[in-house]
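Chemist: To start, I am sharing the structure in question, which I have written as structure tokens.
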Amino acid sequence: MNGLDSAILTLITFVPAAGALLLVLVPRRDRDIRVFALGISLLALALSLHLPDHFHRDQAGFQFEQNVPWIPAPNIHYHMGIDGISLWLVLLTTFLTPLCVLISWRSIHERVKEFFILLLLLETGLIGVFVALDLFLFYFFWEATLIPMALLIGVFGHERRVYAAVKFFLYTMIASVFMLAAILWLYAKTGSFDFTTVQTAIRGGGVEGMAAAAPWLFLGFFIAFAVKVPLFPVHTWLPDAHVEAPTAGSVLLAGVLLKMGTYGMLRFNLGLFPEQSRLNAPWIAILAMVGIIYGALVAMVQPNLKKLIAYSSISHLGFVVLGIFSFTSAGLNGAMFIMLAHGVSTGALFMLAGVIYERRHTYQISQFGGLATPMPAYSTFFLFIVLASLGLPLLNGFIGEFLVLSGAFQARTWWGVIATTGVIWSACYLLWMYQRVFFGAVTHAENLSLRDLDLHERVALWPTAVMALAMGVAPLLWLNAIAPAVDSTLAPFTQLARRVAR
Amino acid sequence: MVPLSYYLILSAILFACGVTGFLIKRNIITIFMSIELMLNGVNLSFVAFAVRWHNLSGQVFVFFVMVVAAAEAAVGLAIIIAVFRTRETLNIDQVNLLKL
Amino acid sequence: MTPNLHLWLLPVLPLVGAAINGLFGKRFNRRAVAAVALIFSGSAFLIALWVASQLPKMSSLPHVETVAGWLRAGTFRADFSFYLDQLSVVMLLVVTGVGFLIHVYSVGYMWEEGGYYRFFSYLNLFMFFMLVLVLAGNYLLLFVGWEGVGLASYLLIGFFFLRDSAAAAGKKAFIVNRVGDFGFLLALFLIIQHFGTLDFDKVFAAVEPYQGETAGFGFLTAIALLLTMGACGKSAQIPLYVWLPDAMEGPTPVSALIHAATMVTAGVYMVARSHVIFERAPSALMVVAIIGALTAFFAATIGIAQTDIKKVLAYSTISQLGYMFLACGVAAFSAGIFHLMTHAFFKGLLFLAAGSVIHSIGGEQDMRKMGGLRTRIPGTFWTMTVATFAIAGIPPFAGFFSKDEILWRAYQASWAYWLVGLLTAFITSFYMFRLWFLTFFGQYRGSAVASHSHVQPAPGVIEVANQRPRVGEAENAQARGLSGTPVQESRGHEHGGIHESPTVMLVPLAILAVLSLVGGWIGVPGSLGGSNRFDKFLGPVFRSTTPALTQEHERPAESVPPERETEGAEPQTGHGTELVFTAISVITAFAGFGLAFLLYWKRPELPDQIAASFHGIYQAVANKYWIDEVYAVIFVKPLISVSALVFWRGIDQGVIDATIDGSAEGARELSDNLRHMQSGNLRSYAGWVAIGATGVIAYMLWVGMR
Amino acid sequence: MTLIQTTAALPAAPDYVRILPEIVLSIFGMAIMLLDPLIDERRGQRLLGGVALAGSLVAVVATLFQAQQQFWGSGFWDMVKVDAFSIFFHFVVAAVLLLVILSSYEYMEVQQIRAGEYYGLLLFGAVGMDLMSSAVELVLIFIALEISSISTYILAGFRRRSAISTESSVKYFLLGSFATAFFLYGVALIFGATGSTSIPRISAALTEYISGGGGPLLAYLGIALMFVGLGFKVAAAPFHIWTPDVYEGAPSPVVGFMSTAPKAAVFAVLLRIMFQIEAPGRIWLIWIAAALSMTLGNIAALVQDNVKRLLAYSSIAHAGYLLVAFASLPENGIPAAMFYTASYAAMNVGAFAVVGHFASAGERYVTLEDYSGLGRRSPVLAAILTIFLLSLIGIPITGGFFAKFYVFSAALQANLVGLAIIAVVNSAVAAYYYLRLMVVMYMREPRDESPVPAIPSRLGIALGLSLAATIYLGILPGRILEYAARSVALLR
Amino acid sequence: MLHMILFLAFAVLSVAGAVNLLIQRHPISSALSLVVVMGSLAVEYLLLGAEFVAAVQVIVYAGAIMVLFVFVIMLLNAGEEERTHGSRVAWLLGIPGVLALTVIICWALVEHSMAGVAAIGALPGPPADIAELLFHEFLLPFEVTSILVLIAIMGAVVLAARPESVEQTKKES
């Protein structure tokens, strides 16, 4: 541990925010602003690369910890740290943000400054959510992501942006106050916001009134996370938000924001309330499975490209939730892996959707057709990502899906059976969409002269493609770090199971 | 020898009359008078209670209430004049630009 | 000390080829593209030969080489490990050998097509995945190859993507395969659940102690059935066969390579690979046999009435795959693999030859518009003839031996299987000769090829940038595409006329023809004086793990010779009986020939009359029993309309969003009502205050009096 | 105390320090009154404003001076008490006064309001509020309450040429007096029950009664009536009904003033009465009032199109949140309430300053549509307002967030789970209407492109200060909270 | 007995005055009724011994304040009250509320107030004693009232002064 290690998380978290502040001072020359934003996001990426490099993969606990008292009276600490679970989510965020900057290079030409300020602020919030180990700090960042995202949708979005932004904001806001209530209750009873302290207190059984309150606390956290994920039936904000959001917003929304929910479930629902998690797992799994199938089927009939991808996210995140609540090593590892894989591939899908929107100003699938002819490179990228998304082996989607399904199967056979139908549905909607958009003859004359990917777009897309492949071929690079964290999360469950068995 | 509670009940009745006046009178000035009526009722209570406790501060309180009432009357009537200037009416039912 | 064979090289070589062509091929000229493709696939073939030659030297088989870890979760792990035994060597040779030949053929066949580099890139990619499939050391890696070949198939079927039907066919193939994969995946999960691993050696070792699940329905049966489901998808068995005929939208070499010789046999391979499990699940084996028999017969009947030359071959493939399934179902795994191999030769050849035919007459695929090509394209004719004889089961061609073997083993299991198989053989012979007669004999019924000179196919549009001279044509094609004219897969030949294919195509034909002729000789059964070397070769694979298999399905136990358990050993029934059956199947083959001769050579008007008199049946057969339509009505349309109307419009918008918007609206309405409290009237306000005060006072008094 | 009483007829010197801010404010107020006729009206605006500003600044200094430990304690024969608690509210009142004066300059010019009386009334009103927070004797509380009320009645009607301003004034006045009468009746009954009007003595008497088994019913009655009166002043439901009308009609800076400073002072009184007197049965009373205030305020605001009314409803809701803190145990509830008061003051004054500036002459631009496209027309103004709105919602890094946070956690610590949940749900619902305003500002096209007047420097300072306070409270709330927590111990 | 008779007589008078205030439609009549109430109350104060309060009641209240009222009524030339129906709430909620309130309070006073009895002049409040209190214990409130009065004056000046701008606009037009 060198000196950098204790401050690195703070640095990564706040570099984008500092960049955003500096951006306020940069004169309104759009090009400079873009370059500057790119530089900042790349800086954050570079800094975050320190993490996997120095991460001790064989350790289960939190690393790179920084723990400073912040507010003494309610005992709030500025406590940050990562384990194998949050490590990759941080990297996912820093990985996607520069791509977002690139993909917005041309598509955002009005109020450029505000856009990139919001984007960078959003990055800070997202990273903060993943590194915060103080419940209060966590909630703080959790809420802090809301505003930039809502503004990105509401200001830079498309026609029905206001409706979408308000829907997004209220949905998640209303849900997250339940979490706040739960956090406050925990504080009131344990006198601490610190995650590990609270966890120890709960596991020690010394929290008064816990038995009666636990179901409600679990629910409080769960509602907030479920809306964020989003789990059926509280998912309807997502399609609207995605359709209206600008490309970069969609990328971060699908790529990272949704993971806040599943991350929360993993860390807080499982970490703090193992017993409740076990009790509630059946219905949650049912919701997750409904989400998988329902999301896919609804995606299939969407006339709108982005909506289709949005519903596919619902389906994919259903896998994640199912994996988490299977309480099996495979399920949890897989859930983590899907989070990352989905971040990369759906992020890329939204970028691709943005590329075509920029050229045609529509997402209606019926407006396309035969795009493979004028845009071969584009269609190749698209196909690659589609394949990654539908879980083709050796690409990133497969690993997680396989692990999750296998975990679910081990947990309850019929969970596995039902969820596995998802592999059929995802092929249906993705390939059908691909066929309608890219194959066949060009049916709209204006599509004939569409220009293929430009340099920025290529630079933004290549990393996702490479990452999709790398994650599929060498998932151990990721799983190595995830496994100890997952094992320690699962430890109470094996004990529970043993107790039940006895 | 009159039981103290008689005084108190009288004061309560006067207070209630004041409240009723506030509710049913339309003329702003009369409504204001109803408030004065309420204050008078309260004052009676103070004096009665002062007797009850043999404590003169009850009477002093009444004095202060009167001062306040005087000040209120000055301001209140000025306000009423201002309202009358802008609205040309003293009917409170018609002073309802601000609503919903 | 087993030598390190560097098995990973085998799949990686074609992958490198695919990558080079895929990433940079656009800038290469055609020769360079072809060279890259051929070098990498050819060297894979050479290495495969070398590996095969090393086999006798191996101290222990199967030989497993683990290259790197892949994934791990808890105690479960799966590695990049390769598994070599006799079975995989056979597959290896078939895949690389036939694959390489088809590569060579394609160099000529696709020369005029656009997307040349793309085609070879896909083709090499296919080789990669196929080799991963056959070399995989665990089920998961097998699944990688399994899905990967599906992908390659998807890409290649949809190669002419401007054609809607091609795109749709590719998608259909993928999705139908996914249905099978659903079962496959579940099987994997079951295996993991029970054995904690997917490695072949470990799983098989773990299965071995189990007794056969003769009574009841155990987990091995479940695994086997689910694996069967996967195999049905890949190998186009009932009910998942529907994608294969459509897959003929792909370029003909693709049909030869993927949809005849190699990929579609993956299911058979997988069943054979898992024979340890299947042997302990007799009811599952029975299901496999029944599916195989039914498919064989069913597809063959459809083959009778098809007019598209490739469609006939497609149904024939399905039917032959049914044979292989049947073989596996009666636990004659080596017979199945034997047929797999010979089928690869002759069916590959048939497709390539058919491609050559199509090529020669300018892209026409309808047999009714062919005829009399025997003299015009003699090379093609002769090779095709060999192949036809082979598939029809005429001795001593390859197909005869393998088919005979299967029929014999089927009979040993149940006479019903044998009967169905025999009928199928008859029909097969009939429709193959029908094809043969229609194509090569009689008068040429097509219009002049010169006038057919098609414009350059539209797929080439992608290459527009690279091929300046073609720009005009491309635009022309575009225009056609826009106007809705279906763009055909077309070989544009400015010179016109029916002509023989170039040497580069004929050489592979010739080689395959030779193989179709002699390929069966390595498996000549004892009854015919051979020693069935093939069976012996594969023996260790299937014998080494053979359990106390009890074949009690369908037939009384006594009819199953206990010795059947050991493959390769001489059946006790004696050569006499076997010879009788051989004779019957030969006669059947000739009967088919005879009928075809009668109907399509002697009395060409008869078929129409028959069709007219059996109108209903004919229609059913010609329309493939309307299975596609039935599927559409039962699955596709309800799914789409339920998704759209019930789920999306109904639940999503009608219920959830409506609830949310409704509650928002409700809140707004409440708010609006609440606002009316604020009437603006001072006396009302005082009223509120008074009532509030009353409430407060009453409450406090109540508290005070308690 | 008795020592002073017997030895000297006149109060001792420290006693004057104990009312030093009030003295300062009175002197400056009178100075303004004297200067007003002497100077020309045009120049007078600035000059008088400067004097008022100086007064508020000196008041801040005086508060700080007063905060020295040696001056703590009761003065004027148990009339006022200087403790951490009163100093806190003095500071809040002085700070609000400062901000309001700063943001009034421009408004006065635009609205042509006579400066002398305006500033004088502000300063004198502040005297009343200061006294309220430090008084421990009901007589003084009553008079101080009247001072602050009467001055705000007048201020509400200051745009006397405008019908809505006078209407606002008359409504406020009549209802306010009505409520005062209730309060007074309550005082009378408490006096009747305990024989005293001094809070410590009342407290002692009541404790005695209660320990003796059941207090006199009159005391309950008195508490109830006082609660009616004070509840009216803080706009707690069901006595909130005047708020929207009055806020809509009153001049914006005045609304900023009267929605914060007097409220803070009345809350101080409520705290003293409710907790120092240990009023029995208060918890559920406040519980219901809090729940009602939050719910009614938030729901009624949902469809409000007038920004001032919207903020009025929001202030009702905020009073509800504050009452949640009241309902909680004193150890946690009082610091939470104090913190809430401070941060609410900062953000609300700021918000009304923006609204007042934007409304321009005649308070014209106050509807939601007027705000459409403000984000484009005046990014700075919109951004500032956005931050205040975010704080009102309770989004992190703003004071409003911590304020809510402490209140909710106090409620949970007091086991008021139901109330906490109502509060939490309410704060989520509330997000909607603040968001509506933000949406209009940023996501709608401007209705007219006429330039928004630039922010004058003094208003800029006011906005900057309130922004700084809002953010400071949102990032480093520790010190304030610690201070508040310390004052609780001394409150008894 | 005399005490009781006097109390009752003036109690009835004051209630009658209060009711009359409510009944009368002309503000002047209401104001005069209020004067009656105030006068009767002054007598009641005397009965309780609060001489100073009684005097102030007559001088300040009945004298000064009511004169102010009458003056304003005359100034504004307020006519008879119109019988408008602006508020249902006042009748539906307010009046029942008031009735309930009165009943509750009276009941509480009767049942639970101490059973003290007051003789005539029970607690004499001579001005000297009052002054002692005012300038000693209540010194601060007393001084503070000056600010209150100052505010009142200012308010009256500001609000009641003729708006200059109205005049200006009149001149201009």
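Chain labels follow the order of the structure tokens: the first chain is A, the next B, and so on; residue numbering restarts at 1 in every chain, and ligands are counted from 1 in their shown order.
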Give me, as a PDB file with C-alpha atoms, in the first residue's frame, the contact residues of chain B against chain E at a cut-off of 8 Å, counting only C-alpha atoms.
Modeler:
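Full text of selection_0.pdb as output:
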```
ATOM      1  CA  MET B   1     -70.317  36.731  46.421  1.00  0.00           C
ATOM      2  CA  VAL B   2     -70.114  35.571  42.922  1.00  0.00           C
ATOM      3  CA  PRO B   3     -68.339  32.371  42.030  1.00  0.00           C
ATOM      4  CA  LEU B   4     -65.321  33.055  39.883  1.00  0.00           C
ATOM      5  CA  SER B   5     -66.523  30.582  37.345  1.00  0.00           C
ATOM      6  CA  LEU B   8     -65.107  32.944  33.437  1.00  0.00           C
ATOM      7  CA  ILE B   9     -68.245  31.739  31.751  1.00  0.00           C
ATOM      8  CA  LEU B  10     -69.201  35.272  30.929  1.00  0.00           C
ATOM      9  CA  ALA B  12     -66.140  32.555  27.429  1.00  0.00           C
ATOM     10  CA  ILE B  13     -69.532  33.673  26.132  1.00  0.00           C
ATOM     11  CA  LEU B  14     -68.157  37.011  25.063  1.00  0.00           C
ATOM     12  CA  ALA B  16     -67.618  33.000  21.568  1.00  0.00           C
ATOM     13  CA  CYS B  17     -69.722  35.934  20.485  1.00  0.00           C
ATOM     14  CA  GLY B  18     -66.607  37.490  19.061  1.00  0.00           C
ATOM     15  CA  VAL B  19     -65.754  34.362  17.146  1.00  0.00           C
ATOM     16  CA  THR B  20     -69.285  34.138  15.860  1.00  0.00           C
ATOM     17  CA  GLY B  21     -69.162  37.733  14.786  1.00  0.00           C
ATOM     18  CA  LEU B  23     -67.751  34.248  11.103  1.00  0.00           C
ATOM     19  CA  ILE B  24     -71.026  35.886  10.244  1.00  0.00           C
ATOM     20  CA  LYS B  25     -70.364  39.570   9.791  1.00  0.00           C
ATOM     21  CA  ARG B  26     -69.572  40.867   6.321  1.00  0.00           C
ATOM     22  CA  ASN B  27     -68.404  44.331   7.060  1.00  0.00           C
ATOM     23  CA  ILE B  29     -64.993  46.931  10.384  1.00  0.00           C
ATOM     24  CA  THR B  30     -67.598  44.925  12.215  1.00  0.00           C
ATOM     25  CA  MET B  33     -64.994  44.826  16.235  1.00  0.00           C
ATOM     26  CA  LEU B  37     -64.999  41.642  21.580  1.00  0.00           C
ATOM     27  CA  ASN B  40     -62.517  41.909  25.926  1.00  0.00           C
ATOM     28  CA  LEU B  44     -62.238  39.514  31.839  1.00  0.00           C
ATOM     29  CA  VAL B  47     -58.883  39.882  35.811  1.00  0.00           C
ATOM     30  CA  ALA B  48     -60.852  37.021  37.244  1.00  0.00           C
ATOM     31  CA  ALA B  50     -55.840  37.617  38.992  1.00  0.00           C
ATOM     32  CA  VAL B  51     -58.361  37.490  41.781  1.00  0.00           C
ATOM     33  CA  ARG B  52     -58.097  33.751  41.901  1.00  0.00           C
ATOM     34  CA  HIS B  54     -54.128  37.234  44.148  1.00  0.00           C
ATOM     35  CA  LEU B  56     -51.698  41.608  40.048  1.00  0.00           C
ATOM     36  CA  SER B  57     -49.788  40.602  36.964  1.00  0.00           C
ATOM     37  CA  GLN B  59     -54.270  43.066  35.660  1.00  0.00           C
ATOM     38  CA  VAL B  60     -51.018  44.258  34.210  1.00  0.00           C
ATOM     39  CA  VAL B  62     -54.880  43.381  30.686  1.00  0.00           C
ATOM     40  CA  PHE B  63     -53.188  46.722  30.482  1.00  0.00           C
ATOM     41  CA  PHE B  64     -50.793  45.425  27.910  1.00  0.00           C
ATOM     42  CA  MET B  66     -55.304  47.157  25.798  1.00  0.00           C
ATOM     43  CA  VAL B  67     -52.202  48.826  24.508  1.00  0.00           C
ATOM     44  CA  VAL B  68     -51.844  46.159  21.897  1.00  0.00           C
ATOM     45  CA  ALA B  70     -55.056  50.170  20.555  1.00  0.00           C
ATOM     46  CA  ALA B  71     -52.084  49.651  18.300  1.00  0.00           C
ATOM     47  CA  GLU B  72     -53.923  46.993  16.400  1.00  0.00           C
ATOM     48  CA  ALA B  73     -56.878  49.258  16.012  1.00  0.00           C
ATOM     49  CA  ALA B  74     -54.725  51.977  14.540  1.00  0.00           C
ATOM     50  CA  VAL B  75     -53.045  49.674  12.102  1.00  0.00           C
ATOM     51  CA  LEU B  77     -58.239  50.651  10.561  1.00  0.00           C
ATOM     52  CA  ALA B  78     -55.472  52.003   8.389  1.00  0.00           C
ATOM     53  CA  ILE B  79     -55.390  48.744   6.526  1.00  0.00           C
ATOM     54  CA  ILE B  81     -58.883  52.302   4.721  1.00  0.00           C
ATOM     55  CA  ALA B  82     -56.258  51.108   2.277  1.00  0.00           C
ATOM     56  CA  PHE B  84     -61.389  50.521   0.824  1.00  0.00           C
ATOM     57  CA  LEU B  90     -66.011  46.968   2.901  1.00  0.00           C
ATOM     58  CA  ASN B  91     -67.734  43.681   2.279  1.00  0.00           C
ATOM     59  CA  ASP B  93     -67.088  38.553   0.772  1.00  0.00           C
ATOM     60  CA  GLN B  94     -66.005  40.715  -2.076  1.00  0.00           C
TER      61      GLN B  94
END
```
Chemist: Which residues, written as a list in words, have at least one atom at most 8 Å from range 642-648 of chain C, with only C-alpha atoms counted and residues fewer than 4 positions away on the same chain left out?
Modeler: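 Contacts, with the query itself left out: Tyr294, Leu297, Val298, Met300, Val301 and Gln302 of chain A; Pro638, Asp652 and Gln653 of chain C.
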Chemist: May I ask you to extract the residues of chain B within 7 Å of chain C, using only C-alpha atoms, and to give them as a compact mmCIF listing (two decimals) with all heavy atoms, in the first residue's frame?
Modeler:
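Everything below was put into selection.txt:
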```txt
# COMPACT_ATOMS: atom_id res chain seq x y z
N PHE B 22 -67.00 37.16 13.92
CA PHE B 22 -66.00 37.05 12.86
C PHE B 22 -66.52 36.19 11.71
O PHE B 22 -66.27 36.44 10.54
CB PHE B 22 -64.72 36.44 13.45
CG PHE B 22 -63.50 36.66 12.61
CD1 PHE B 22 -62.52 37.58 12.98
CD2 PHE B 22 -63.33 35.92 11.44
CE1 PHE B 22 -61.41 37.78 12.20
CE2 PHE B 22 -62.20 36.12 10.68
CZ PHE B 22 -61.24 37.04 11.05
N LEU B 23 -67.29 35.18 12.13
CA LEU B 23 -67.75 34.25 11.10
C LEU B 23 -68.92 34.78 10.30
O LEU B 23 -69.05 34.47 9.11
CB LEU B 23 -68.16 32.93 11.76
CG LEU B 23 -67.02 32.05 12.28
CD1 LEU B 23 -67.57 30.91 13.09
CD2 LEU B 23 -66.20 31.52 11.12
N ILE B 92 -66.42 41.89 3.13
CA ILE B 92 -65.31 40.94 3.10
C ILE B 92 -65.54 39.85 2.06
O ILE B 92 -64.61 39.28 1.50
CB ILE B 92 -65.09 40.33 4.50
CG1 ILE B 92 -63.72 39.64 4.58
CG2 ILE B 92 -66.17 39.33 4.84
CD1 ILE B 92 -62.58 40.57 4.50
N ASP B 93 -66.81 39.57 1.77
CA ASP B 93 -67.09 38.55 0.77
C ASP B 93 -66.62 38.97 -0.61
O ASP B 93 -66.46 38.13 -1.50
CB ASP B 93 -68.59 38.26 0.73
CG ASP B 93 -69.00 37.38 1.91
OD1 ASP B 93 -68.09 36.90 2.60
OD2 ASP B 93 -70.21 37.19 2.12
N ASN B 96 -61.91 39.07 -2.39
CA ASN B 96 -61.45 37.69 -2.59
C ASN B 96 -60.73 37.53 -3.93
O ASN B 96 -60.97 36.62 -4.69
CB ASN B 96 -62.61 36.70 -2.49
CG ASN B 96 -63.70 37.02 -3.49
OD1 ASN B 96 -63.61 38.02 -4.19
ND2 ASN B 96 -64.69 36.17 -3.56
N LEU B 97 -59.86 38.48 -4.20
CA LEU B 97 -59.04 38.36 -5.40
C LEU B 97 -58.06 37.19 -5.26
O LEU B 97 -57.74 36.50 -6.21
CB LEU B 97 -58.23 39.63 -5.62
CG LEU B 97 -58.95 40.83 -6.17
CD1 LEU B 97 -58.00 42.00 -6.25
CD2 LEU B 97 -59.52 40.51 -7.52
N LEU B 98 -57.58 37.03 -4.06
CA LEU B 98 -56.57 36.01 -3.80
C LEU B 98 -57.25 34.72 -3.41
O LEU B 98 -57.90 34.65 -2.37
CB LEU B 98 -55.64 36.47 -2.67
CG LEU B 98 -54.85 37.74 -2.96
CD1 LEU B 98 -54.27 38.28 -1.69
CD2 LEU B 98 -53.76 37.43 -3.95
N LYS B 99 -57.13 33.75 -4.24
CA LYS B 99 -57.72 32.48 -3.86
C LYS B 99 -57.11 31.35 -4.66
O LYS B 99 -56.34 31.57 -5.59
CB LYS B 99 -59.23 32.52 -4.05
CG LYS B 99 -59.66 32.80 -5.48
CD LYS B 99 -61.17 32.86 -5.52
CE LYS B 99 -61.67 33.51 -6.79
NZ LYS B 99 -63.09 33.83 -6.71
N LEU B 100 -57.48 30.17 -4.29
CA LEU B 100 -57.05 28.92 -4.88
C LEU B 100 -55.55 28.73 -4.83
O LEU B 100 -54.83 29.51 -5.35
CB LEU B 100 -57.55 28.79 -6.32
CG LEU B 100 -59.06 28.70 -6.43
CD1 LEU B 100 -59.42 28.58 -7.90
CD2 LEU B 100 -59.62 27.52 -5.67
```
Chemist: Could you list, as a count of residues only, every residue within 12 Å of Ala150 in chain A, counting only C-alpha atoms and ignoring same-chain residues fewer than 2 positions away?
Modeler: 44
Chemist: Between C:Leu670, C:Thr221, C:Leu340, C:Tyr417, single out the one closest to Gly292 in chain C, counting only C-alpha atoms.
Modeler: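 Closest to Gly292 in chain C of all the choices is C:Tyr417.
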Chemist: Quick one: residues within 10 Å of Leu64 in chain D, only C-alpha atoms counted, chain neighbours fewer than 6 positions away excluded, as a ChimeraX atom specification?
Modeler: /D:21,58,87-88,90-91
Chemist: Near Thr385 in chain C, counting only C-alpha atoms, which residues have an atom at most 10 Å away, once you skip same-chain residues fewer than 5 positions from it, shown as an NGL selection string?
Modeler: :C and (349-350 or 353 or 374 or 379-380 or 390-391 or 432-433 or 436 or 440 or 513)
Chemist: Give the helix (DSSP H, G or I) residues of range 338-427 of chain A, as DSSP finds them on the backbone, and put them as a ChimeraX atom specification.
Modeler: /A:338-360,365-367,376-389,396-411,413-427
Chemist: Residues of chain B were defined as contacting chain D if any atom lay at most 7 Å from it, counting only C-alpha atoms; please report them as a PyMOL selection string.
Modeler: chain B and resi 32+35+38-39+42+45-46+49+53+61+76+79-80+82-83+86-87+95+97-99
Chemist: What gap, in Å, lies between CA of Gly218 in chain C and CA of Arg280 in chain C?
Modeler: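 Computed distance, CA of Gly218 in chain C to CA of Arg280 in chain C, equals 9.7 Å.
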Chemist: As a list in words, could you give me every residue of chain D near chain C (at most 8 Å apart, counting only C-alpha atoms)?
Modeler: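 The contacting residues on chain D are Lys171, Leu175, Gly214, Gly215, Pro216, Leu217, Tyr220, Leu221, Ala224, Leu225, Val228, Pro238, Phe239, Ile241, Trp242, Asp245, Pro280, Gly281, Leu285, Leu296, Ile299, Ala300, Ala301, Leu302 and Val303 of chain D.
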Chemist: Taking the chain letters and numbering used in this document, name the residues of range 7-211 of chain D that DSSP puts in strand (DSSP E or B), as a PyMOL selection string.
Modeler: chain D and resi 73-75+80-82+135+137+198
Chemist: Skip Leu120 in chain A itself and residues of its chain fewer than 2 positions away, then list as a list in words all residues within 9 Å of it, counting only C-alpha atoms.
Modeler: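 So, after excluding close chain neighbours, the residues are Val15, Pro16, Ala17, Ala18, Gly19, Ala20, Ala37, Ile40, Ser41, Thr97, Phe115, Phe116, Ile117, Leu118, Leu122, Glu123, Thr124, Gly125 and Pro148 of chain A.
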Chemist: Give me the chain D side of the contact with chain A, cut-off 6 Å, one line per residue showing its nearest atom pair and distance in Å at one decimal, counting only C-alpha atoms, sorted by chain and residue number, as a Markdown table.
Modeler:
```
| residue | atom | partner | partner_atom | distance |
| --- | --- | --- | --- | --- |
| D:Pro396 | CA | A:Phe140 | CA | 5.5 |
| D:Ser409 | CA | A:Leu184 | CA | 5.2 |
| D:Leu412 | CA | A:Trp185 | CA | 5.9 |
| D:Gln413 | CA | A:Ala188 | CA | 4.9 |
| D:Val424 | CA | A:Val177 | CA | 5.9 |
| D:Ala428 | CA | A:Ile174 | CA | 4.8 |
| D:Met443 | CA | A:Val155 | CA | 5.3 |
| D:Gly478 | CA | A:Ile71 | CA | 4.9 |
```
Chemist: Okay, now the selection with N, CA and C atoms, as a short mmCIF file (atom, residue, chain, number, x, y, z; two decimals), in the first residue's frame?
Modeler:
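This went into out_39.cif:
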```cif
data_model
loop_
_atom_site.label_atom_id
_atom_site.label_comp_id
_atom_site.auth_asym_id
_atom_site.auth_seq_id
_atom_site.Cartn_x
_atom_site.Cartn_y
_atom_site.Cartn_z
N PRO D 396 -29.07 16.09 -1.94
CA PRO D 396 -27.76 16.23 -1.28
C PRO D 396 -26.95 17.43 -1.74
N SER D 409 -34.48 11.54 10.96
CA SER D 409 -33.78 10.61 11.85
C SER D 409 -34.18 10.88 13.30
N LEU D 412 -37.33 9.03 13.80
CA LEU D 412 -37.14 7.59 13.95
C LEU D 412 -36.54 7.26 15.31
N GLN D 413 -35.64 8.14 15.75
CA GLN D 413 -35.06 7.86 17.05
C GLN D 413 -36.10 7.95 18.15
N VAL D 424 -41.45 11.13 4.87
CA VAL D 424 -40.59 10.69 3.78
C VAL D 424 -41.37 10.63 2.47
N ALA D 428 -41.04 13.04 -1.03
CA ALA D 428 -40.93 12.56 -2.40
C ALA D 428 -42.00 13.19 -3.28
N MET D 443 -36.74 23.17 -19.63
CA MET D 443 -37.14 22.28 -20.71
C MET D 443 -38.25 22.84 -21.57
N GLY D 478 -22.02 19.99 10.40
CA GLY D 478 -21.61 19.53 11.73
C GLY D 478 -21.62 20.61 12.78
#
```
